[in-house]
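Text of the file target.pdb, holding PDB, C-alpha atoms, pLDDT in the B column:
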```pdb
ATOM      1  CA  MET A   1      31.119  11.632 -67.926  1.00 61.00           C
ATOM      2  CA  LEU A   2      32.508  14.604 -65.990  1.00 55.00           C
ATOM      3  CA  LYS A   3      29.038  15.509 -64.788  1.00 57.00           C
ATOM      4  CA  ARG A   4      28.471  11.966 -63.484  1.00 66.00           C
ATOM      5  CA  PHE A   5      31.845  11.997 -61.721  1.00 51.00           C
ATOM      6  CA  LEU A   6      31.143  15.333 -60.057  1.00 51.00           C
ATOM      7  CA  THR A   7      27.705  14.077 -58.949  1.00 59.00           C
ATOM      8  CA  ARG A   8      29.244  11.006 -57.331  1.00 66.00           C
ATOM      9  CA  LEU A   9      31.907  13.137 -55.688  1.00 49.00           C
ATOM     10  CA  TRP A  10      29.247  15.474 -54.295  1.00 55.00           C
ATOM     11  CA  ARG A  11      27.240  12.532 -52.919  1.00 62.00           C
ATOM     12  CA  LEU A  12      30.369  11.056 -51.312  1.00 54.00           C
ATOM     13  CA  ALA A  13      31.159  14.384 -49.660  1.00 53.00           C
ATOM     14  CA  TRP A  14      27.658  14.613 -48.214  1.00 61.00           C
ATOM     15  CA  TRP A  15      27.821  10.974 -47.059  1.00 62.00           C
ATOM     16  CA  GLN A  16      31.098  11.647 -45.267  1.00 61.00           C
ATOM     17  CA  LYS A  17      29.644  14.821 -43.775  1.00 60.00           C
ATOM     18  CA  GLY A  18      26.706  12.793 -42.468  1.00 57.00           C
ATOM     19  CA  ILE A  19      29.037  10.218 -40.921  1.00 57.00           C
ATOM     20  CA  LEU A  20      31.040  12.932 -39.179  1.00 55.00           C
ATOM     21  CA  ALA A  21      27.858  14.609 -37.930  1.00 55.00           C
ATOM     22  CA  GLY A  22      26.628  11.265 -36.575  1.00 56.00           C
ATOM     23  CA  LEU A  23      29.909  10.606 -34.809  1.00 53.00           C
ATOM     24  CA  GLY A  24      29.813  14.094 -33.354  1.00 58.00           C
ATOM     25  CA  ALA A  25      26.300  13.545 -32.042  1.00 51.00           C
ATOM     26  CA  LEU A  26      27.340  10.244 -30.471  1.00 55.00           C
ATOM     27  CA  ALA A  27      30.307  11.941 -28.812  1.00 46.00           C
ATOM     28  CA  VAL A  28      28.015  14.638 -27.393  1.00 46.00           C
ATOM     29  CA  LEU A  29      25.596  12.000 -26.069  1.00 46.00           C
ATOM     30  CA  ALA A  30      28.414   9.974 -24.528  1.00 44.00           C
ATOM     31  CA  THR A  31      29.882  13.066 -22.891  1.00 54.00           C
ATOM     32  CA  GLY A  32      26.486  14.042 -21.549  1.00 45.00           C
ATOM     33  CA  TYR A  33      25.902  10.551 -20.130  1.00 47.00           C
ATOM     34  CA  VAL A  34      29.276  10.541 -18.382  1.00 51.00           C
ATOM     35  CA  ALA A  35      28.577  14.005 -16.972  1.00 55.00           C
ATOM     36  CA  LEU A  36      25.214  12.809 -15.634  1.00 59.00           C
ATOM     37  CA  LYS A  37      26.853   9.789 -14.004  1.00 53.00           C
ATOM     38  CA  LEU A  38      29.571  11.892 -12.397  1.00 58.00           C
ATOM     39  CA  TYR A  39      27.037  14.414 -11.113  1.00 66.00           C
ATOM     40  CA  GLY A  40      24.870  11.571  -9.817  1.00 58.00           C
ATOM     41  CA  ASN A  41      27.825  10.232  -7.862  1.00 67.00           C
ATOM     42  CA  THR A  42      27.997  13.507  -5.950  1.00 80.00           C
ATOM     43  CA  GLN A  43      24.340  13.071  -4.946  1.00 90.00           C
ATOM     44  CA  SER A  44      24.700   9.515  -3.614  1.00 98.00           C
ATOM     45  CA  ASN A  45      27.014   7.538  -1.342  1.00 98.00           C
ATOM     46  CA  SER A  46      25.470   4.158  -2.213  1.00 98.00           C
ATOM     47  CA  GLY A  47      28.149   3.079  -4.691  1.00 97.00           C
ATOM     48  CA  VAL A  48      30.832   2.989  -1.991  1.00 97.00           C
ATOM     49  CA  TYR A  49      28.788   0.661   0.199  1.00 98.00           C
ATOM     50  CA  ILE A  50      27.635  -1.502  -2.718  1.00 98.00           C
ATOM     51  CA  GLY A  51      31.250  -1.963  -3.775  1.00 97.00           C
ATOM     52  CA  GLU A  52      32.174  -2.956  -0.232  1.00 98.00           C
ATOM     53  CA  TRP A  53      29.289  -5.459  -0.097  1.00 98.00           C
ATOM     54  CA  PHE A  54      30.257  -7.272  -3.283  1.00 97.00           C
ATOM     55  CA  ASN A  55      34.029  -6.980  -2.979  1.00 97.00           C
ATOM     56  CA  ASN A  56      34.198  -8.275   0.597  1.00 96.00           C
ATOM     57  CA  PRO A  57      31.599 -11.061   0.894  1.00 96.00           C
ATOM     58  CA  GLY A  58      33.258 -12.418   4.037  1.00 95.00           C
ATOM     59  CA  ASP A  59      32.850  -9.123   5.905  1.00 97.00           C
ATOM     60  CA  ARG A  60      29.235  -8.069   5.408  1.00 98.00           C
ATOM     61  CA  ALA A  61      27.671  -8.238   8.856  1.00 97.00           C
ATOM     62  CA  HIS A  62      28.336  -4.577   9.666  1.00 98.00           C
ATOM     63  CA  LEU A  63      26.260  -3.460   6.646  1.00 98.00           C
ATOM     64  CA  ILE A  64      23.133  -5.502   7.380  1.00 98.00           C
ATOM     65  CA  THR A  65      19.844  -4.057   8.621  1.00 98.00           C
ATOM     66  CA  THR A  66      17.732  -6.584  10.513  1.00 96.00           C
ATOM     67  CA  ARG A  67      13.974  -7.008  10.143  1.00 96.00           C
ATOM     68  CA  GLU A  68      13.279  -5.815  13.674  1.00 93.00           C
ATOM     69  CA  GLN A  69      10.223  -3.549  13.386  1.00 96.00           C
ATOM     70  CA  CYS A  70      10.884   0.053  14.377  1.00 97.00           C
ATOM     71  CA  SER A  71       8.635   1.440  17.117  1.00 93.00           C
ATOM     72  CA  ASP A  72       5.473   3.167  15.833  1.00 93.00           C
ATOM     73  CA  ALA A  73       6.288   2.155  12.221  1.00 98.00           C
ATOM     74  CA  PRO A  74       3.498   0.170  10.540  1.00 98.00           C
ATOM     75  CA  PHE A  75       5.655  -1.671   7.992  1.00 98.00           C
ATOM     76  CA  LEU A  76       8.145  -4.481   8.544  1.00 98.00           C
ATOM     77  CA  LEU A  77      11.112  -4.800   6.173  1.00 98.00           C
ATOM     78  CA  PRO A  78      10.499  -7.460   3.502  1.00 98.00           C
ATOM     79  CA  SER A  79      13.910  -9.057   3.895  1.00 98.00           C
ATOM     80  CA  GLU A  80      17.036  -8.933   6.004  1.00 98.00           C
ATOM     81  CA  GLY A  81      20.174  -7.627   4.376  1.00 98.00           C
ATOM     82  CA  PHE A  82      22.128  -4.629   3.156  1.00 98.00           C
ATOM     83  CA  ILE A  83      19.915  -1.750   2.024  1.00 98.00           C
ATOM     84  CA  GLY A  84      21.966  -0.636  -0.962  1.00 98.00           C
ATOM     85  CA  LEU A  85      20.101   1.614  -3.381  1.00 98.00           C
ATOM     86  CA  LEU A  86      17.632   3.988  -1.714  1.00 98.00           C
ATOM     87  CA  TRP A  87      14.524   5.838  -2.817  1.00 98.00           C
ATOM     88  CA  ARG A  88      15.332   8.546  -5.405  1.00 98.00           C
ATOM     89  CA  ASP A  89      18.904   7.233  -5.598  1.00 98.00           C
ATOM     90  CA  PRO A  90      20.787   8.373  -8.744  1.00 98.00           C
ATOM     91  CA  ASP A  91      23.612   5.847  -8.331  1.00 97.00           C
ATOM     92  CA  GLY A  92      24.199   3.482 -11.252  1.00 92.00           C
ATOM     93  CA  PRO A  93      22.456   2.178 -13.240  1.00 94.00           C
ATOM     94  CA  TYR A  94      20.245   5.176 -12.420  1.00 96.00           C
ATOM     95  CA  THR A  95      20.881   8.884 -13.016  1.00 96.00           C
ATOM     96  CA  VAL A  96      19.553  12.206 -11.735  1.00 96.00           C
ATOM     97  CA  LEU A  97      17.147  12.115 -14.700  1.00 97.00           C
ATOM     98  CA  HIS A  98      15.893   8.609 -13.879  1.00 97.00           C
ATOM     99  CA  ARG A  99      16.065   7.948 -10.164  1.00 98.00           C
ATOM    100  CA  HIS A 100      15.528   4.689  -8.295  1.00 98.00           C
ATOM    101  CA  SER A 101      11.858   4.235  -7.380  1.00 98.00           C
ATOM    102  CA  GLY A 102      12.257   2.170  -4.212  1.00 98.00           C
ATOM    103  CA  ILE A 103      14.837   0.371  -2.103  1.00 98.00           C
ATOM    104  CA  ASP A 104      17.071  -2.600  -2.931  1.00 98.00           C
ATOM    105  CA  ILE A 105      17.823  -5.051  -0.110  1.00 98.00           C
ATOM    106  CA  PHE A 106      20.758  -7.362  -0.833  1.00 98.00           C
ATOM    107  CA  GLY A 107      20.582 -10.620   1.117  1.00 98.00           C
ATOM    108  CA  ASP A 108      23.650 -12.413   2.432  1.00 98.00           C
ATOM    109  CA  GLY A 109      22.889 -15.906   1.157  1.00 97.00           C
ATOM    110  CA  ASP A 110      22.418 -18.089  -1.882  1.00 97.00           C
ATOM    111  CA  LEU A 111      20.080 -17.707  -4.815  1.00 97.00           C
ATOM    112  CA  GLY A 112      16.503 -18.587  -3.892  1.00 98.00           C
ATOM    113  CA  GLU A 113      17.222 -18.955  -0.162  1.00 98.00           C
ATOM    114  CA  VAL A 114      16.839 -15.463   1.382  1.00 98.00           C
ATOM    115  CA  PRO A 115      13.159 -15.041   2.365  1.00 98.00           C
ATOM    116  CA  VAL A 116      10.958 -12.139   1.284  1.00 98.00           C
ATOM    117  CA  TYR A 117       7.884 -11.273   3.376  1.00 98.00           C
ATOM    118  CA  ALA A 118       4.823  -9.054   3.085  1.00 99.00           C
ATOM    119  CA  VAL A 119       5.529  -5.735   4.775  1.00 98.00           C
ATOM    120  CA  TYR A 120       1.886  -5.181   5.736  1.00 98.00           C
ATOM    121  CA  GLU A 121      -1.494  -6.866   5.422  1.00 98.00           C
ATOM    122  CA  GLY A 122      -3.377  -6.511   2.165  1.00 98.00           C
ATOM    123  CA  TYR A 123      -4.515  -8.105  -1.083  1.00 98.00           C
ATOM    124  CA  LEU A 124      -1.844  -9.671  -3.302  1.00 99.00           C
ATOM    125  CA  THR A 125      -1.880  -9.795  -7.109  1.00 98.00           C
ATOM    126  CA  ARG A 126       0.525 -11.470  -9.513  1.00 98.00           C
ATOM    127  CA  LEU A 127      -0.094 -10.692 -13.173  1.00 98.00           C
ATOM    128  CA  PRO A 128       0.079 -13.697 -15.552  1.00 98.00           C
ATOM    129  CA  GLU A 129       3.314 -12.487 -17.191  1.00 97.00           C
ATOM    130  CA  TRP A 130       5.170 -11.719 -13.959  1.00 98.00           C
ATOM    131  CA  LYS A 131       8.044 -14.145 -13.395  1.00 97.00           C
ATOM    132  CA  SER A 132       9.603 -12.521 -10.335  1.00 98.00           C
ATOM    133  CA  THR A 133       7.071 -10.021  -9.088  1.00 98.00           C
ATOM    134  CA  VAL A 134       4.044  -9.566  -6.850  1.00 98.00           C
ATOM    135  CA  ILE A 135       2.185  -6.461  -5.718  1.00 99.00           C
ATOM    136  CA  ILE A 136      -0.003  -5.952  -2.631  1.00 99.00           C
ATOM    137  CA  ARG A 137      -2.852  -3.471  -2.216  1.00 98.00           C
ATOM    138  CA  HIS A 138      -3.094  -1.837   1.196  1.00 98.00           C
ATOM    139  CA  ASP A 139      -5.233   0.620   3.085  1.00 98.00           C
ATOM    140  CA  ASP A 140      -2.629   3.297   3.783  1.00 98.00           C
ATOM    141  CA  PRO A 141      -1.885   3.106   7.540  1.00 98.00           C
ATOM    142  CA  LEU A 142      -0.471   6.650   7.565  1.00 98.00           C
ATOM    143  CA  HIS A 143      -3.261   8.219   5.507  1.00 97.00           C
ATOM    144  CA  PRO A 144      -6.519   6.376   6.286  1.00 96.00           C
ATOM    145  CA  GLY A 145      -8.858   6.225   3.309  1.00 96.00           C
ATOM    146  CA  ASP A 146      -6.043   6.183   0.736  1.00 97.00           C
ATOM    147  CA  THR A 147      -4.938   3.087  -1.168  1.00 98.00           C
ATOM    148  CA  ILE A 148      -1.272   2.270  -1.719  1.00 98.00           C
ATOM    149  CA  TRP A 149       0.569  -0.726  -3.119  1.00 99.00           C
ATOM    150  CA  THR A 150       3.842  -2.439  -2.204  1.00 99.00           C
ATOM    151  CA  TYR A 151       5.737  -3.887  -5.146  1.00 99.00           C
ATOM    152  CA  TYR A 152       8.302  -6.707  -4.798  1.00 98.00           C
ATOM    153  CA  THR A 153      10.490  -7.948  -7.642  1.00 98.00           C
ATOM    154  CA  HIS A 154      13.656  -9.860  -8.735  1.00 98.00           C
ATOM    155  CA  MET A 155      12.403 -13.112  -7.156  1.00 98.00           C
ATOM    156  CA  ALA A 156      13.611 -15.407  -9.964  1.00 98.00           C
ATOM    157  CA  SER A 157      16.787 -16.820 -11.486  1.00 98.00           C
ATOM    158  CA  GLU A 158      18.829 -14.673 -13.853  1.00 96.00           C
ATOM    159  CA  ASP A 159      17.463 -16.424 -16.947  1.00 96.00           C
ATOM    160  CA  GLY A 160      13.889 -16.249 -15.681  1.00 96.00           C
ATOM    161  CA  GLU A 161      13.458 -20.007 -15.941  1.00 97.00           C
ATOM    162  CA  THR A 162      13.044 -20.528 -12.184  1.00 98.00           C
ATOM    163  CA  SER A 163      10.665 -18.367 -10.191  1.00 98.00           C
ATOM    164  CA  PHE A 164      11.265 -17.972  -6.464  1.00 98.00           C
ATOM    165  CA  VAL A 165       7.802 -16.541  -5.800  1.00 98.00           C
ATOM    166  CA  ASP A 166       6.024 -18.800  -3.315  1.00 98.00           C
ATOM    167  CA  GLU A 167       3.797 -21.453  -4.908  1.00 98.00           C
ATOM    168  CA  ALA A 168       0.828 -20.034  -2.995  1.00 98.00           C
ATOM    169  CA  PHE A 169       0.854 -17.125  -5.491  1.00 98.00           C
ATOM    170  CA  PRO A 170       0.948 -18.581  -9.032  1.00 98.00           C
ATOM    171  CA  PRO A 171       0.856 -16.343 -12.126  1.00 98.00           C
ATOM    172  CA  GLY A 172      -2.613 -14.891 -12.441  1.00 98.00           C
ATOM    173  CA  ALA A 173      -3.264 -14.776  -8.688  1.00 98.00           C
ATOM    174  CA  SER A 174      -5.534 -11.844  -7.881  1.00 98.00           C
ATOM    175  CA  GLU A 175      -6.645 -10.147  -4.671  1.00 98.00           C
ATOM    176  CA  VAL A 176      -5.328 -12.886  -2.380  1.00 98.00           C
ATOM    177  CA  TRP A 177      -5.448 -11.792   1.277  1.00 98.00           C
ATOM    178  CA  VAL A 178      -2.070 -11.902   3.045  1.00 98.00           C
ATOM    179  CA  GLU A 179      -1.110 -10.997   6.583  1.00 98.00           C
ATOM    180  CA  GLN A 180       1.942  -8.952   7.516  1.00 98.00           C
ATOM    181  CA  GLY A 181       4.918 -11.301   7.537  1.00 98.00           C
ATOM    182  CA  THR A 182       3.469 -13.773   5.012  1.00 98.00           C
ATOM    183  CA  LEU A 183       6.234 -15.495   3.025  1.00 99.00           C
ATOM    184  CA  LEU A 184       6.106 -14.192  -0.561  1.00 99.00           C
ATOM    185  CA  GLY A 185       9.163 -15.927  -1.964  1.00 98.00           C
ATOM    186  CA  TYR A 186      12.944 -15.646  -2.019  1.00 98.00           C
ATOM    187  CA  GLN A 187      15.493 -13.192  -3.341  1.00 98.00           C
ATOM    188  CA  GLY A 188      16.809 -13.742  -6.868  1.00 98.00           C
ATOM    189  CA  ASP A 189      18.855 -12.009  -9.540  1.00 98.00           C
ATOM    190  CA  TYR A 190      16.375 -11.714 -12.407  1.00 97.00           C
ATOM    191  CA  SER A 191      16.412  -8.372 -14.223  1.00 93.00           C
ATOM    192  CA  GLY A 192      14.602  -9.216 -17.447  1.00 89.00           C
ATOM    193  CA  ASN A 193      17.541  -7.815 -19.403  1.00 87.00           C
ATOM    194  CA  ALA A 194      20.539 -10.012 -20.192  1.00 76.00           C
ATOM    195  CA  LEU A 195      22.634  -6.876 -20.811  1.00 74.00           C
ATOM    196  CA  ALA A 196      21.887  -5.526 -17.316  1.00 81.00           C
ATOM    197  CA  PRO A 197      22.649  -8.262 -14.764  1.00 84.00           C
ATOM    198  CA  VAL A 198      21.920  -7.616 -11.086  1.00 93.00           C
ATOM    199  CA  GLY A 199      23.119  -9.115  -7.821  1.00 95.00           C
ATOM    200  CA  LEU A 200      20.997 -11.153  -5.429  1.00 98.00           C
ATOM    201  CA  HIS A 201      18.385  -8.820  -3.904  1.00 98.00           C
ATOM    202  CA  VAL A 202      14.746  -7.824  -3.633  1.00 98.00           C
ATOM    203  CA  HIS A 203      13.452  -4.471  -4.815  1.00 98.00           C
ATOM    204  CA  LEU A 204      10.548  -2.901  -2.931  1.00 98.00           C
ATOM    205  CA  SER A 205       8.661   0.266  -3.698  1.00 98.00           C
ATOM    206  CA  ILE A 206       5.507   1.912  -2.359  1.00 99.00           C
ATOM    207  CA  VAL A 207       3.292   2.739  -5.327  1.00 98.00           C
ATOM    208  CA  LYS A 208       0.495   5.286  -5.600  1.00 98.00           C
ATOM    209  CA  SER A 209      -2.954   4.491  -6.978  1.00 98.00           C
ATOM    210  CA  GLU A 210      -4.568   5.735 -10.163  1.00 97.00           C
ATOM    211  CA  LEU A 211      -7.945   7.472  -9.860  1.00 95.00           C
ATOM    212  CA  ASP A 212      -9.660   4.142 -10.544  1.00 95.00           C
ATOM    213  CA  GLY A 213      -7.749   2.496  -7.676  1.00 95.00           C
ATOM    214  CA  SER A 214      -5.317   0.511  -9.841  1.00 98.00           C
ATOM    215  CA  PHE A 215      -1.575   0.819  -9.322  1.00 98.00           C
ATOM    216  CA  MET A 216       0.542   3.335 -11.192  1.00 98.00           C
ATOM    217  CA  ASN A 217       3.677   2.534 -13.207  1.00 98.00           C
ATOM    218  CA  GLU A 218       6.255   1.647 -10.541  1.00 98.00           C
ATOM    219  CA  ALA A 219       9.238   2.447 -12.753  1.00 97.00           C
ATOM    220  CA  ASP A 220       8.552   6.193 -12.511  1.00 98.00           C
ATOM    221  CA  VAL A 221       9.787   7.537  -9.169  1.00 98.00           C
ATOM    222  CA  ASN A 222       7.061  10.206  -9.293  1.00 98.00           C
ATOM    223  CA  ASN A 223       4.489   7.428  -8.932  1.00 98.00           C
ATOM    224  CA  THR A 224       6.033   6.187  -5.696  1.00 98.00           C
ATOM    225  CA  LEU A 225       6.225   7.333  -2.089  1.00 98.00           C
ATOM    226  CA  ASP A 226       9.164   7.845   0.258  1.00 98.00           C
ATOM    227  CA  PRO A 227       9.199   4.575   2.246  1.00 98.00           C
ATOM    228  CA  SER A 228      10.961   6.166   5.247  1.00 98.00           C
ATOM    229  CA  PRO A 229       7.940   7.003   7.425  1.00 98.00           C
ATOM    230  CA  TYR A 230       6.345   3.621   6.758  1.00 98.00           C
ATOM    231  CA  PHE A 231       9.393   1.724   8.062  1.00 98.00           C
ATOM    232  CA  GLY A 232      10.770   4.218  10.578  1.00 98.00           C
ATOM    233  CA  LEU A 233      14.059   4.129   8.668  1.00 98.00           C
ATOM    234  CA  HIS A 234      15.906   6.757   6.622  1.00 98.00           C
ATOM    235  CA  LEU A 235      15.347   5.135   3.217  1.00 98.00           C
ATOM    236  CA  SER A 236      15.624   8.211   0.980  1.00 98.00           C
ATOM    237  CA  ILE A 237      18.955   9.161  -0.592  1.00 98.00           C
ATOM    238  CA  ASP A 238      18.364  12.732   0.612  1.00 97.00           C
ATOM    239  CA  GLY A 239      21.015  13.355   3.240  1.00 96.00           C
ATOM    240  CA  LYS A 240      23.026  10.336   2.038  1.00 97.00           C
ATOM    241  CA  PRO A 241      22.552   8.168   5.159  1.00 97.00           C
ATOM    242  CA  ASP A 242      25.337   5.901   6.382  1.00 97.00           C
ATOM    243  CA  ARG A 243      24.942   2.128   6.296  1.00 98.00           C
ATOM    244  CA  PRO A 244      23.668   0.123   7.978  1.00 98.00           C
ATOM    245  CA  ILE A 245      20.425   2.043   8.196  1.00 97.00           C
ATOM    246  CA  THR A 246      18.878   1.795  11.659  1.00 96.00           C
ATOM    247  CA  CYS A 247      15.579   2.865  13.223  1.00 95.00           C
ATOM    248  CA  ALA A 248      15.137   6.620  13.336  1.00 84.00           C
ATOM    249  CA  LYS A 249      15.323   8.116  16.819  1.00 73.00           C
TER     250      LYS A 249
END
```

Structure rendered as structure tokens:
Amino acid sequence: MLKRFLTRLWRLAWWQKGILAGLGALAVLATGYVALKLYGNTQSNSGVYIGEWFNNPGDRAHLITTREQCSDAPFLLPSEGFIGLLWRDPDGPYTVLHRHSGIDIFGDGDLGEVPVYAVYEGYLTRLPEWKSTVIIRHDDPLHPGDTIWTYYTHMASEDGETSFVDEAFPPGASEVWVEQGTLLGYQGDYSGNALAPVGLHVHLSIVKSELDGSFMNEADVNNTLDPSPYFGLHLSIDGKPDRPITCAK
């Protein structure tokens, strides 16, 4: 009887020790995450402008970048609005360990009403499972002979039930020729994750090609290019540019 009691007591002690160790590990992880977020905030000024955009909807005009094409720049912005998150931006929900892979343009309008256009001529594909996304293959205008892709997403309602991609590009569309300025759809707020809602915007990134010519995984910033020289705009978080972003001089 005593032996059984001591065995149970020993197991309980180890169970409690395991619980305490688990709580300690969680505390370390939480502390590390907070530290990453705080450090990221020192590397980005985007959060200040994003807060201003959403907290003062009646006073947004001074933050908006128009679609006027910058001189000598081959690409035209996909949408008019506030360029919030920039390329390699560590501002939330991103961190210095997982940076933003493109730019987010927040439109001043209603869901499904702010147009999104092709930034350059090329061949459009929409995979069968894509609710809010298209991608366009281009001959790189800055590096002739190379192939790049422009990736556009969030063009659907929050629940994913309504797609705002133009009907000309149904799921499964492949290698459809589009001219620069072709209407692709309208800005939405679909994120694909109910626990991570987003505001009305379109995300655009310039994606590198695999050796076989297919597009790389857009979610990894290392697979993307700095969009700045393609648009003639300072679209990298390096240097923390003021908003609105205007054509480089």

Distance criterion (all atoms listed in the file): nearest to Arg137 in chain A out of A:Gly51, A:Gly213, A:Gly58, A:Pro93: A:Gly213

Nearest to Gly160 in chain A by atom-to-atom distance, counting all atoms listed in the file, from A:Ile64, A:Val202, A:Ala73, A:Ala194: A:Ala194

For the provided coordinates, the residues matched by the PyMOL selection byres ((chain A and resi 187) around 12) should be stated as a compact mmCIF listing (two decimals) with C-alpha atoms, keeping the file's coordinate frame.
```txt
# COMPACT_ATOMS: atom_id res chain seq x y z
CA PRO A 78 10.50 -7.46 3.50
CA SER A 79 13.91 -9.06 3.90
CA GLU A 80 17.04 -8.93 6.00
CA GLY A 81 20.17 -7.63 4.38
CA ASP A 104 17.07 -2.60 -2.93
CA ILE A 105 17.82 -5.05 -0.11
CA PHE A 106 20.76 -7.36 -0.83
CA GLY A 107 20.58 -10.62 1.12
CA ASP A 108 23.65 -12.41 2.43
CA GLY A 109 22.89 -15.91 1.16
CA ASP A 110 22.42 -18.09 -1.88
CA LEU A 111 20.08 -17.71 -4.82
CA GLY A 112 16.50 -18.59 -3.89
CA GLU A 113 17.22 -18.95 -0.16
CA VAL A 114 16.84 -15.46 1.38
CA PRO A 115 13.16 -15.04 2.37
CA VAL A 116 10.96 -12.14 1.28
CA TYR A 117 7.88 -11.27 3.38
CA SER A 132 9.60 -12.52 -10.34
CA THR A 133 7.07 -10.02 -9.09
CA TYR A 152 8.30 -6.71 -4.80
CA THR A 153 10.49 -7.95 -7.64
CA HIS A 154 13.66 -9.86 -8.74
CA MET A 155 12.40 -13.11 -7.16
CA ALA A 156 13.61 -15.41 -9.96
CA SER A 157 16.79 -16.82 -11.49
CA GLU A 158 18.83 -14.67 -13.85
CA THR A 162 13.04 -20.53 -12.18
CA SER A 163 10.66 -18.37 -10.19
CA PHE A 164 11.26 -17.97 -6.46
CA VAL A 165 7.80 -16.54 -5.80
CA ASP A 166 6.02 -18.80 -3.32
CA LEU A 183 6.23 -15.50 3.02
CA LEU A 184 6.11 -14.19 -0.56
CA GLY A 185 9.16 -15.93 -1.96
CA TYR A 186 12.94 -15.65 -2.02
CA GLY A 188 16.81 -13.74 -6.87
CA ASP A 189 18.86 -12.01 -9.54
CA TYR A 190 16.38 -11.71 -12.41
CA SER A 191 16.41 -8.37 -14.22
CA VAL A 198 21.92 -7.62 -11.09
CA GLY A 199 23.12 -9.12 -7.82
CA LEU A 200 21.00 -11.15 -5.43
CA HIS A 201 18.39 -8.82 -3.90
CA VAL A 202 14.75 -7.82 -3.63
CA HIS A 203 13.45 -4.47 -4.82
CA LEU A 204 10.55 -2.90 -2.93
```

Residue list as a ChimeraX atom specification for point (0.0, -5.1, 0.7), cut-off 12 Å, only C-alpha atoms: /A:74-76,78,117-125,134-141,147-152,175-182,184,204-207,215

Contact residues around His98 in chain A with all atoms listed in the file at 8 Å, ignoring same-chain residues under 4 positions, as a ChimeraX atom specification: /A:90,94,220-221

Those same residues - C-alpha atoms - I'd like them written as a PDB file, in the frame of the given file.
```
ATOM      1  CA  PRO A  90      20.787   8.373  -8.744  1.00 98.00           C
ATOM      2  CA  TYR A  94      20.245   5.176 -12.420  1.00 96.00           C
ATOM      3  CA  ASP A 220       8.552   6.193 -12.511  1.00 98.00           C
ATOM      4  CA  VAL A 221       9.787   7.537  -9.169  1.00 98.00           C
TER       5      VAL A 221
END
```

Å distance separating CA of Asp242 in chain A from CA of Phe82 in chain A, one decimal place: 11.5 Å

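Across the model, the gap from CA of Ser44 in chain A to CA of Gln69 in chain A is 25.9 Å.
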
Residue list as a PyMOL selection string for point (0.6, 7.2, -10.2), cut-off 9 Å, only C-alpha atoms: chain A and resi 207-211+214-218+220+222-224

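CA of Leu77 in chain A is positioned 21.9 Å from CA of Lys131 in chain A.
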
Give me the residues within 6 Å of Pro171 in chain A as an mmCIF file with C-alpha atoms, in the frame of the given file, counting only C-alpha atoms and dropping any in the same chain fewer than 5 places off.
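Output file around-v5.cif follows:
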```cif
data_model
loop_
_atom_site.group_PDB
_atom_site.id
_atom_site.type_symbol
_atom_site.label_atom_id
_atom_site.label_comp_id
_atom_site.auth_asym_id
_atom_site.auth_seq_id
_atom_site.Cartn_x
_atom_site.Cartn_y
_atom_site.Cartn_z
ATOM 1 C CA ARG A 126 0.525 -11.470 -9.513
ATOM 2 C CA LEU A 127 -0.094 -10.692 -13.173
ATOM 3 C CA PRO A 128 0.079 -13.697 -15.552
#
```

Please give the centre and size of the box around range 106-113 of chain A (axis-aligned, containing every atom listed in the file, 3 Å added per side), with values in Å to one decimal and written as JSON.
```
{"center_x": 20.1, "center_y": -13.2, "center_z": -1.2, "size_x": 13.1, "size_y": 17.6, "size_z": 13.2}
```
